[in-house]
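Reproduced below: input09.pdb, with PDB, N, CA and C atoms.
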```pdb
ATOM      1  N   MET A   5       0.820  -1.187   0.000
ATOM      2  CA  MET A   5       0.000   0.000   0.000
ATOM      3  C   MET A   5       0.875   1.267   0.000
ATOM      4  N   TRP A   6       1.908   1.254   0.853
ATOM      5  CA  TRP A   6       2.867   2.349   0.902
ATOM      6  C   TRP A   6       4.269   1.762   0.738
ATOM      7  N   PRO A   7       4.701   1.546  -0.492
ATOM      8  CA  PRO A   7       5.971   0.839  -0.703
ATOM      9  C   PRO A   7       7.225   1.667  -0.407
ATOM     10  N   LYS A   8       7.098   2.964  -0.366
ATOM     11  CA  LYS A   8       8.279   3.804  -0.141
ATOM     12  C   LYS A   8       8.749   3.709   1.297
ATOM     13  N   GLN A   9      10.047   3.930   1.497
ATOM     14  CA  GLN A   9      10.611   3.953   2.840
ATOM     15  C   GLN A   9      10.985   5.399   3.172
ATOM     16  N   ASN A  10       9.945   6.225   3.322
ATOM     17  CA  ASN A  10      10.178   7.611   3.705
ATOM     18  C   ASN A  10       9.295   7.960   4.904
ATOM     19  N   LEU A  11       9.448   9.159   5.406
ATOM     20  CA  LEU A  11       8.741   9.543   6.625
ATOM     21  C   LEU A  11       7.228   9.550   6.436
ATOM     22  N   ASN A  12       6.722  10.052   5.325
ATOM     23  CA  ASN A  12       5.274  10.098   5.106
ATOM     24  C   ASN A  12       4.663   8.704   5.072
ATOM     25  N   SER A  13       5.308   7.786   4.373
ATOM     26  CA  SER A  13       4.817   6.405   4.322
ATOM     27  C   SER A  13       4.882   5.759   5.702
ATOM     28  N   ALA A  14       5.965   6.022   6.424
ATOM     29  CA  ALA A  14       6.128   5.443   7.756
ATOM     30  C   ALA A  14       5.042   5.930   8.707
ATOM     31  N   ILE A  15       4.733   7.217   8.651
ATOM     32  CA  ILE A  15       3.672   7.765   9.509
ATOM     33  C   ILE A  15       2.324   7.160   9.138
ATOM     34  N   ALA A  16       2.041   7.038   7.855
ATOM     35  CA  ALA A  16       0.781   6.433   7.419
ATOM     36  C   ALA A  16       0.660   4.992   7.894
ATOM     37  N   LYS A  17       1.732   4.226   7.800
ATOM     38  CA  LYS A  17       1.714   2.834   8.256
ATOM     39  C   LYS A  17       1.506   2.754   9.765
ATOM     40  N   ALA A  18       2.201   3.607  10.506
ATOM     41  CA  ALA A  18       2.086   3.590  11.962
ATOM     42  C   ALA A  18       0.681   3.976  12.416
ATOM     43  N   LEU A  19       0.108   4.995  11.810
ATOM     44  CA  LEU A  19      -1.252   5.403  12.183
ATOM     45  C   LEU A  19      -2.287   4.364  11.806
ATOM     46  N   THR A  20      -2.102   3.738  10.651
ATOM     47  CA  THR A  20      -3.023   2.674  10.234
ATOM     48  C   THR A  20      -3.004   1.533  11.243
ATOM     49  N   GLU A  21      -1.820   1.168  11.699
ATOM     50  CA  GLU A  21      -1.717   0.103  12.693
ATOM     51  C   GLU A  21      -2.387   0.497  14.005
ATOM     52  N   GLN A  22      -2.182   1.740  14.448
ATOM     53  CA  GLN A  22      -2.764   2.194  15.704
ATOM     54  C   GLN A  22      -4.288   2.213  15.661
ATOM     55  N   ILE A  23      -4.837   2.505  14.517
ATOM     56  CA  ILE A  23      -6.295   2.589  14.396
ATOM     57  C   ILE A  23      -6.923   1.223  14.167
ATOM     58  N   SER A  24      -6.282   0.387  13.362
ATOM     59  CA  SER A  24      -6.922  -0.866  12.970
ATOM     60  C   SER A  24      -6.528  -2.066  13.836
ATOM     61  N   TYR A  25      -5.272  -2.196  14.192
ATOM     62  CA  TYR A  25      -4.810  -3.409  14.866
ATOM     63  C   TYR A  25      -4.793  -3.296  16.387
ATOM     64  N   THR A  26      -4.291  -2.213  16.902
ATOM     65  CA  THR A  26      -4.031  -2.095  18.332
ATOM     66  C   THR A  26      -5.263  -2.286  19.212
ATOM     67  N   PRO A  27      -6.400  -1.635  18.947
ATOM     68  CA  PRO A  27      -7.559  -1.860  19.828
ATOM     69  C   PRO A  27      -8.026  -3.322  19.846
ATOM     70  N   MET A  28      -8.011  -3.966  18.687
ATOM     71  CA  MET A  28      -8.424  -5.379  18.640
ATOM     72  C   MET A  28      -7.449  -6.261  19.405
ATOM     73  N   ALA A  29      -6.157  -6.020  19.242
ATOM     74  CA  ALA A  29      -5.153  -6.848  19.907
ATOM     75  C   ALA A  29      -5.241  -6.708  21.423
ATOM     76  N   MET A  30      -5.416  -5.492  21.919
ATOM     77  CA  MET A  30      -5.509  -5.294  23.358
ATOM     78  C   MET A  30      -6.808  -5.877  23.914
ATOM     79  N   THR A  31      -7.889  -5.736  23.183
ATOM     80  CA  THR A  31      -9.151  -6.332  23.609
ATOM     81  C   THR A  31      -9.012  -7.845  23.695
ATOM     82  N   ALA A  32      -8.432  -8.453  22.673
ATOM     83  CA  ALA A  32      -8.230  -9.906  22.672
ATOM     84  C   ALA A  32      -7.330 -10.329  23.831
ATOM     85  N   PHE A  33      -6.288  -9.557  24.113
ATOM     86  CA  PHE A  33      -5.382  -9.894  25.210
ATOM     87  C   PHE A  33      -6.123  -9.907  26.541
ATOM     88  N   TYR A  34      -6.784  -8.808  26.872
ATOM     89  CA  TYR A  34      -7.464  -8.739  28.171
ATOM     90  C   TYR A  34      -8.584  -9.755  28.285
ATOM     91  N   PHE A  35      -9.378  -9.909  27.236
ATOM     92  CA  PHE A  35     -10.509 -10.832  27.288
ATOM     93  C   PHE A  35     -10.031 -12.273  27.414
ATOM     94  N   SER A  36      -9.095 -12.685  26.564
ATOM     95  CA  SER A  36      -8.649 -14.083  26.598
ATOM     96  C   SER A  36      -7.887 -14.406  27.873
ATOM     97  N   MET A  37      -7.067 -13.486  28.354
ATOM     98  CA  MET A  37      -6.341 -13.746  29.597
ATOM     99  C   MET A  37      -7.301 -13.858  30.781
ATOM    100  N   SER A  38      -8.345 -13.073  30.780
ATOM    101  CA  SER A  38      -9.341 -13.172  31.852
ATOM    102  C   SER A  38     -10.067 -14.508  31.794
ATOM    103  N   LEU A  39     -10.414 -14.946  30.597
ATOM    104  CA  LEU A  39     -11.053 -16.253  30.470
ATOM    105  C   LEU A  39     -10.116 -17.373  30.932
ATOM    106  N   LEU A  40      -8.833 -17.258  30.611
ATOM    107  CA  LEU A  40      -7.869 -18.269  31.049
ATOM    108  C   LEU A  40      -7.693 -18.270  32.573
ATOM    109  N   GLU A  41      -8.023 -17.161  33.212
ATOM    110  CA  GLU A  41      -7.987 -17.089  34.676
ATOM    111  C   GLU A  41      -9.284 -17.591  35.290
ATOM    112  N   ALA A  42     -10.129 -18.197  34.468
ATOM    113  CA  ALA A  42     -11.408 -18.779  34.886
ATOM    114  C   ALA A  42     -12.418 -17.719  35.331
ATOM    115  N   LYS A  43     -12.289 -16.512  34.796
ATOM    116  CA  LYS A  43     -13.295 -15.490  35.054
ATOM    117  C   LYS A  43     -14.468 -15.716  34.104
ATOM    118  N   SER A  44     -15.614 -15.221  34.477
ATOM    119  CA  SER A  44     -16.791 -15.352  33.613
ATOM    120  C   SER A  44     -16.661 -14.408  32.420
ATOM    121  N   VAL A  45     -17.527 -14.608  31.442
ATOM    122  CA  VAL A  45     -17.522 -13.733  30.271
ATOM    123  C   VAL A  45     -17.836 -12.306  30.688
ATOM    124  N   GLU A  46     -18.776 -12.140  31.599
ATOM    125  CA  GLU A  46     -19.138 -10.795  32.067
ATOM    126  C   GLU A  46     -17.965 -10.129  32.792
ATOM    127  N   GLU A  47     -17.275 -10.877  33.641
ATOM    128  CA  GLU A  47     -16.101 -10.322  34.323
ATOM    129  C   GLU A  47     -14.999  -9.969  33.324
ATOM    130  N   SER A  48     -14.837 -10.805  32.315
ATOM    131  CA  SER A  48     -13.829 -10.552  31.288
ATOM    132  C   SER A  48     -14.158  -9.291  30.500
ATOM    133  N   LEU A  49     -15.416  -9.153  30.122
ATOM    134  CA  LEU A  49     -15.833  -7.947  29.397
ATOM    135  C   LEU A  49     -15.658  -6.701  30.250
ATOM    136  N   ASN A  50     -15.961  -6.817  31.535
ATOM    137  CA  ASN A  50     -15.792  -5.675  32.428
ATOM    138  C   ASN A  50     -14.316  -5.283  32.538
ATOM    139  N   GLU A  51     -13.428  -6.278  32.581
ATOM    140  CA  GLU A  51     -12.004  -5.967  32.639
ATOM    141  C   GLU A  51     -11.548  -5.253  31.369
ATOM    142  N   VAL A  52     -12.070  -5.677  30.229
ATOM    143  CA  VAL A  52     -11.746  -4.990  28.968
ATOM    144  C   VAL A  52     -12.223  -3.551  29.032
ATOM    145  N   ARG A  53     -13.440  -3.344  29.516
ATOM    146  CA  ARG A  53     -13.994  -1.982  29.599
ATOM    147  C   ARG A  53     -13.136  -1.067  30.480
ATOM    148  N   VAL A  54     -12.649  -1.600  31.578
ATOM    149  CA  VAL A  54     -11.895  -0.785  32.528
ATOM    150  C   VAL A  54     -10.456  -0.550  32.067
ATOM    151  N   LYS A  55      -9.820  -1.564  31.489
ATOM    152  CA  LYS A  55      -8.381  -1.485  31.229
ATOM    153  C   LYS A  55      -8.018  -1.091  29.806
ATOM    154  N   LEU A  56      -8.929  -1.221  28.866
ATOM    155  CA  LEU A  56      -8.579  -0.963  27.467
ATOM    156  C   LEU A  56      -8.166   0.491  27.228
ATOM    157  N   PHE A  57      -8.963   1.432  27.665
ATOM    158  CA  PHE A  57      -8.668   2.836  27.364
ATOM    159  C   PHE A  57      -7.369   3.327  28.008
ATOM    160  N   PRO A  58      -7.107   3.037  29.303
ATOM    161  CA  PRO A  58      -5.819   3.477  29.858
ATOM    162  C   PRO A  58      -4.618   2.865  29.131
ATOM    163  N   THR A  59      -4.739   1.608  28.744
ATOM    164  CA  THR A  59      -3.643   0.960  28.020
ATOM    165  C   THR A  59      -3.495   1.555  26.628
ATOM    166  N   TYR A  60      -4.600   1.819  25.968
ATOM    167  CA  TYR A  60      -4.569   2.385  24.621
ATOM    168  C   TYR A  60      -3.939   3.779  24.628
ATOM    169  N   LYS A  61      -4.206   4.553  25.671
ATOM    170  CA  LYS A  61      -3.596   5.882  25.779
ATOM    171  C   LYS A  61      -2.076   5.782  25.840
ATOM    172  N   VAL A  62      -1.575   4.814  26.589
ATOM    173  CA  VAL A  62      -0.122   4.623  26.666
ATOM    174  C   VAL A  62       0.408   4.159  25.309
ATOM    175  N   ALA A  63      -0.318   3.242  24.673
ATOM    176  CA  ALA A  63       0.111   2.742  23.358
ATOM    177  C   ALA A  63       0.198   3.876  22.339
ATOM    178  N   LEU A  64      -0.732   4.809  22.396
ATOM    179  CA  LEU A  64      -0.710   5.943  21.465
ATOM    180  C   LEU A  64       0.486   6.862  21.696
ATOM    181  N   CYS A  65       1.040   6.831  22.888
ATOM    182  CA  CYS A  65       2.214   7.649  23.181
ATOM    183  C   CYS A  65       3.522   6.953  22.795
ATOM    184  N   ILE A  66       3.474   5.653  22.589
ATOM    185  CA  ILE A  66       4.696   4.891  22.347
ATOM    186  C   ILE A  66       4.782   4.324  20.936
ATOM    187  N   TRP A  67       3.775   3.553  20.527
ATOM    188  CA  TRP A  67       3.868   2.775  19.291
ATOM    189  C   TRP A  67       3.949   3.583  18.005
ATOM    190  N   PRO A  68       3.272   4.711  17.864
ATOM    191  CA  PRO A  68       3.453   5.460  16.613
ATOM    192  C   PRO A  68       4.914   5.866  16.378
ATOM    193  N   PHE A  69       5.618   6.218  17.439
ATOM    194  CA  PHE A  69       7.020   6.606  17.298
ATOM    195  C   PHE A  69       7.909   5.405  16.977
ATOM    196  N   ILE A  70       7.638   4.299  17.668
ATOM    197  CA  ILE A  70       8.417   3.086  17.394
ATOM    198  C   ILE A  70       8.210   2.637  15.952
ATOM    199  N   GLN A  71       6.960   2.597  15.505
ATOM    200  CA  GLN A  71       6.683   2.111  14.156
ATOM    201  C   GLN A  71       7.136   3.101  13.084
ATOM    202  N   THR A  72       7.032   4.375  13.345
ATOM    203  CA  THR A  72       7.541   5.357  12.382
ATOM    204  C   THR A  72       9.040   5.199  12.214
ATOM    205  N   PHE A  73       9.746   5.039  13.321
ATOM    206  CA  PHE A  73      11.182   4.782  13.261
ATOM    207  C   PHE A  73      11.457   3.475  12.515
ATOM    208  N   ASN A  74      10.689   2.457  12.837
ATOM    209  CA  ASN A  74      10.864   1.149  12.219
ATOM    210  C   ASN A  74      10.688   1.214  10.702
ATOM    211  N   PHE A  75       9.636   1.859  10.242
ATOM    212  CA  PHE A  75       9.343   1.889   8.811
ATOM    213  C   PHE A  75      10.189   2.890   8.033
ATOM    214  N   SER A  76      10.768   3.877   8.714
ATOM    215  CA  SER A  76      11.516   4.887   7.976
ATOM    216  C   SER A  76      13.031   4.742   8.089
ATOM    217  N   VAL A  77      13.522   4.153   9.174
ATOM    218  CA  VAL A  77      14.963   4.104   9.410
ATOM    219  C   VAL A  77      15.518   2.676   9.389
ATOM    220  N   VAL A  78      14.823   1.762  10.022
ATOM    221  CA  VAL A  78      15.321   0.389  10.154
ATOM    222  C   VAL A  78      15.290  -0.303   8.789
ATOM    223  N   PRO A  79      16.386  -0.943   8.395
ATOM    224  CA  PRO A  79      16.379  -1.681   7.127
ATOM    225  C   PRO A  79      15.340  -2.806   7.156
ATOM    226  N   GLU A  80      14.779  -3.107   6.019
ATOM    227  CA  GLU A  80      13.683  -4.071   5.939
ATOM    228  C   GLU A  80      14.026  -5.420   6.578
ATOM    229  N   LYS A  81      15.237  -5.884   6.405
ATOM    230  CA  LYS A  81      15.625  -7.188   6.958
ATOM    231  C   LYS A  81      15.704  -7.178   8.484
ATOM    232  N   ASN A  82      15.801  -6.002   9.098
ATOM    233  CA  ASN A  82      15.907  -5.906  10.556
ATOM    234  C   ASN A  82      14.615  -5.455  11.237
ATOM    235  N   ARG A  83      13.563  -5.249  10.479
ATOM    236  CA  ARG A  83      12.319  -4.740  11.065
ATOM    237  C   ARG A  83      11.667  -5.716  12.030
ATOM    238  N   VAL A  84      11.621  -6.983  11.659
ATOM    239  CA  VAL A  84      10.983  -7.968  12.539
ATOM    240  C   VAL A  84      11.746  -8.105  13.856
ATOM    241  N   PRO A  85      13.070  -8.252  13.845
ATOM    242  CA  PRO A  85      13.772  -8.317  15.140
ATOM    243  C   PRO A  85      13.600  -7.042  15.981
ATOM    244  N   PHE A  86      13.609  -5.882  15.333
ATOM    245  CA  PHE A  86      13.438  -4.626  16.065
ATOM    246  C   PHE A  86      12.064  -4.566  16.744
ATOM    247  N   VAL A  87      11.020  -4.863  15.981
ATOM    248  CA  VAL A  87       9.670  -4.817  16.553
ATOM    249  C   VAL A  87       9.482  -5.924  17.586
ATOM    250  N   SER A  88      10.123  -7.046  17.399
ATOM    251  CA  SER A  88      10.039  -8.128  18.387
ATOM    252  C   SER A  88      10.622  -7.693  19.730
ATOM    253  N   MET A  89      11.745  -6.988  19.694
ATOM    254  CA  MET A  89      12.328  -6.459  20.931
ATOM    255  C   MET A  89      11.362  -5.479  21.612
ATOM    256  N   CYS A  90      10.815  -4.589  20.820
ATOM    257  CA  CYS A  90       9.870  -3.611  21.364
ATOM    258  C   CYS A  90       8.607  -4.302  21.881
ATOM    259  N   SER A  91       8.155  -5.322  21.191
ATOM    260  CA  SER A  91       6.959  -6.062  21.612
ATOM    261  C   SER A  91       7.181  -6.792  22.925
ATOM    262  N   LEU A  92       8.376  -7.293  23.141
ATOM    263  CA  LEU A  92       8.686  -7.936  24.415
ATOM    264  C   LEU A  92       8.522  -6.943  25.560
ATOM    265  N   LEU A  93       9.052  -5.746  25.384
ATOM    266  CA  LEU A  93       8.892  -4.718  26.423
ATOM    267  C   LEU A  93       7.431  -4.326  26.593
ATOM    268  N   TRP A  94       6.689  -4.246  25.499
ATOM    269  CA  TRP A  94       5.269  -3.915  25.562
ATOM    270  C   TRP A  94       4.495  -5.013  26.287
ATOM    271  N   THR A  95       4.857  -6.258  26.073
ATOM    272  CA  THR A  95       4.190  -7.372  26.742
ATOM    273  C   THR A  95       4.416  -7.313  28.250
ATOM    274  N   ILE A  96       5.583  -6.879  28.662
ATOM    275  CA  ILE A  96       5.846  -6.684  30.094
ATOM    276  C   ILE A  96       4.896  -5.628  30.652
ATOM    277  N   PHE A  97       4.710  -4.537  29.905
ATOM    278  CA  PHE A  97       3.775  -3.496  30.345
ATOM    279  C   PHE A  97       2.343  -4.040  30.396
ATOM    280  N   LEU A  98       1.939  -4.824  29.386
ATOM    281  CA  LEU A  98       0.597  -5.409  29.386
ATOM    282  C   LEU A  98       0.394  -6.324  30.593
ATOM    283  N   ALA A  99       1.409  -7.085  30.939
ATOM    284  CA  ALA A  99       1.311  -7.955  32.114
ATOM    285  C   ALA A  99       1.140  -7.121  33.386
ATOM    286  N   TYR A 100       1.849  -6.002  33.448
ATOM    287  CA  TYR A 100       1.702  -5.091  34.579
ATOM    288  C   TYR A 100       0.265  -4.559  34.657
ATOM    289  N   MET A 101      -0.255  -4.115  33.527
ATOM    290  CA  MET A 101      -1.627  -3.597  33.504
ATOM    291  C   MET A 101      -2.640  -4.693  33.825
ATOM    292  N   LYS A 102      -2.389  -5.894  33.366
ATOM    293  CA  LYS A 102      -3.308  -7.009  33.594
ATOM    294  C   LYS A 102      -3.419  -7.327  35.073
ATOM    295  N   GLN A 103      -2.309  -7.286  35.781
ATOM    296  CA  GLN A 103      -2.352  -7.656  37.192
ATOM    297  C   GLN A 103      -2.926  -6.563  38.083
ATOM    298  N   LYS A 104      -3.010  -5.340  37.581
ATOM    299  CA  LYS A 104      -3.572  -4.257  38.382
ATOM    300  C   LYS A 104      -5.063  -4.496  38.603
ATOM    301  N   GLU A 105      -5.514  -4.191  39.768
ATOM    302  CA  GLU A 105      -6.930  -4.338  40.075
ATOM    303  C   GLU A 105      -7.716  -3.194  39.440
ATOM    304  N   GLN A 106      -8.963  -3.450  39.134
ATOM    305  CA  GLN A 106      -9.793  -2.458  38.461
ATOM    306  C   GLN A 106      -9.947  -1.191  39.298
ATOM    307  N   LYS A 107     -10.066  -1.335  40.591
ATOM    308  CA  LYS A 107     -10.239  -0.146  41.440
ATOM    309  C   LYS A 107      -9.003   0.739  41.432
ATOM    310  N   GLU A 108      -7.832   0.150  41.233
ATOM    311  CA  GLU A 108      -6.608   0.938  41.141
ATOM    312  C   GLU A 108      -6.592   1.794  39.886
ATOM    313  N   LEU A 109      -7.171   1.280  38.795
ATOM    314  CA  LEU A 109      -7.157   2.002  37.532
ATOM    315  C   LEU A 109      -8.166   3.140  37.488
ATOM    316  N   GLU A 110      -9.185   3.071  38.316
ATOM    317  CA  GLU A 110     -10.205   4.111  38.287
ATOM    318  C   GLU A 110      -9.660   5.464  38.700
ATOM    319  N   GLY A 111      -8.648   5.481  39.573
ATOM    320  CA  GLY A 111      -8.068   6.727  40.033
ATOM    321  C   GLY A 111      -6.967   7.256  39.137
ATOM    322  N   GLY A 112      -6.459   6.469  38.226
ATOM    323  CA  GLY A 112      -5.373   6.860  37.354
ATOM    324  C   GLY A 112      -4.558   5.645  36.984
ATOM    325  N   ILE A 113      -3.785   5.751  35.932
ATOM    326  CA  ILE A 113      -3.129   4.581  35.368
ATOM    327  C   ILE A 113      -2.037   4.007  36.273
ATOM    328  N   PHE A 114      -1.303   4.838  37.003
ATOM    329  CA  PHE A 114      -0.187   4.334  37.788
ATOM    330  C   PHE A 114      -0.393   4.571  39.285
ATOM    331  N   VAL A 115      -1.623   4.513  39.747
ATOM    332  CA  VAL A 115      -1.927   4.721  41.154
ATOM    333  C   VAL A 115      -1.539   3.470  41.933
ATOM    334  N   LYS A 116      -0.899   3.644  43.043
ATOM    335  CA  LYS A 116      -0.508   2.485  43.887
ATOM    336  C   LYS A 116      -1.583   2.169  44.872
TER     337      LYS A 116
END
```
Write-out of the structure in structure tokens:
Amino acid sequence: MWPKQNLNSAIAKALTEQISYTPMAMTAFYFSMSLLEAKSVEESLNEVRVKLFPTYKVALCIWPFIQTFNFSVVPEKNRVPFVSMCSLLWTIFLAYMKQKEQKELEGGIFVK
């Protein structure tokens, strides 16, 4: 769709990913992990409702920059390893958000 390796193409690719892929991926993560913890469907949906938006806000501050850098600077052969490294760090953050209780998130994203 955007074959060029320039800044405009990189920004378009990063924004497309943030709009189309990220909300679905985070919803699937929270919902499926809750089901694997033997929570009910209603409890799982409630966890998605509470945790999706705070997590998405953080993702919007991080992933567009990572992906813009990835698509504009990183050579094509190194893109998968680069994003894999970044995804590992993101998964650590998702695990942190997953373990937080819902009442903790109501007051703010990093409330103790």
Pairwise distance, atom CA of A:Ala14 with atom C of A:Phe33, equals 27.2 Å
- request: Select from chain A everything DSSP, run on the backbone, classes as alpha helix (DSSP H), then give the selection as an MDAnalysis selection string.
  value: chainID A and resid 11:24 26:40 45:76 83:103 106:110
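Of note, atom C of A:Ala99 and atom C of A:Met37 are spaced 11.1 Å apart.
Atom CA of A:Val54 sits 27.1 Å away from atom CA of A:Val87.
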To test the calculation: enclose all listed atoms of stretch 13-28 of chain A in a box whose edges run along x, y and z, add 6 Å on each side, then state centre and edge lengths in Å to one decimal, as AutoDock Vina command-line options.
```
--center_x -1.1 --center_y 0.8 --center_z 12.1 --size_x 26.6 --size_y 26.0 --size_z 27.5
```
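Of the listed residues A:Leu98, A:Ala32, A:Val77, A:Cys65, the one whose atoms come nearest to A:Val52 is A:Ala32, with distances taken using only N, CA and C atoms.
Residues matched by the PyMOL selection byres (((chain A and resi 20 and name CA) around 12) and name CA) in this file: Met5, Trp6, Ser13, Ala14, Ile15, Ala16, Lys17, Ala18, Leu19, Glu21, Gln22, Ile23, Ser24, Tyr25, Thr26, Pro27, Leu64, Trp67, Pro68, Gln71 and Thr72 of chain A.
With distances taken over only N, CA and C atoms, A:Met30 is the one residue among A:Leu92, A:Phe73, A:Met30, A:Lys8 lying closest to A:Tyr60.
Across A:Phe86, A:Ser91, A:Val62, A:Tyr34, the tightest approach to A:Asn50 is made by A:Tyr34 when counting only C-alpha atoms.
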Skipping near chain neighbours, those fewer than 2 positions away, what residues fall within 12 Å of A:Tyr100 using only C-alpha atoms, listed as a compact mmCIF listing (two decimals) with N, CA and C atoms, in the coordinates of the input?
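File out-v6.txt, as written:
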```txt
# COMPACT_ATOMS: atom_id res chain seq x y z
N TYR A 34 -6.78 -8.81 26.87
CA TYR A 34 -7.46 -8.74 28.17
C TYR A 34 -8.58 -9.76 28.28
N LYS A 55 -9.82 -1.56 31.49
CA LYS A 55 -8.38 -1.48 31.23
C LYS A 55 -8.02 -1.09 29.81
N THR A 59 -4.74 1.61 28.74
CA THR A 59 -3.64 0.96 28.02
C THR A 59 -3.50 1.56 26.63
N LEU A 93 9.05 -5.75 25.38
CA LEU A 93 8.89 -4.72 26.42
C LEU A 93 7.43 -4.33 26.59
N TRP A 94 6.69 -4.25 25.50
CA TRP A 94 5.27 -3.92 25.56
C TRP A 94 4.50 -5.01 26.29
N THR A 95 4.86 -6.26 26.07
CA THR A 95 4.19 -7.37 26.74
C THR A 95 4.42 -7.31 28.25
N ILE A 96 5.58 -6.88 28.66
CA ILE A 96 5.85 -6.68 30.09
C ILE A 96 4.90 -5.63 30.65
N PHE A 97 4.71 -4.54 29.90
CA PHE A 97 3.78 -3.50 30.34
C PHE A 97 2.34 -4.04 30.40
N LEU A 98 1.94 -4.82 29.39
CA LEU A 98 0.60 -5.41 29.39
C LEU A 98 0.39 -6.32 30.59
N LYS A 102 -2.39 -5.89 33.37
CA LYS A 102 -3.31 -7.01 33.59
C LYS A 102 -3.42 -7.33 35.07
N GLN A 103 -2.31 -7.29 35.78
CA GLN A 103 -2.35 -7.66 37.19
C GLN A 103 -2.93 -6.56 38.08
N LYS A 104 -3.01 -5.34 37.58
CA LYS A 104 -3.57 -4.26 38.38
C LYS A 104 -5.06 -4.50 38.60
N GLU A 105 -5.51 -4.19 39.77
CA GLU A 105 -6.93 -4.34 40.08
C GLU A 105 -7.72 -3.19 39.44
N LEU A 109 -7.17 1.28 38.80
CA LEU A 109 -7.16 2.00 37.53
C LEU A 109 -8.17 3.14 37.49
N ILE A 113 -3.78 5.75 35.93
CA ILE A 113 -3.13 4.58 35.37
C ILE A 113 -2.04 4.01 36.27
N PHE A 114 -1.30 4.84 37.00
CA PHE A 114 -0.19 4.33 37.79
C PHE A 114 -0.39 4.57 39.28
```
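Between A:Asn74 and the residues A:Met101, A:Met28, A:Leu40, A:Cys90, the shortest atom-to-atom distance, using only C-alpha atoms, involves A:Cys90.
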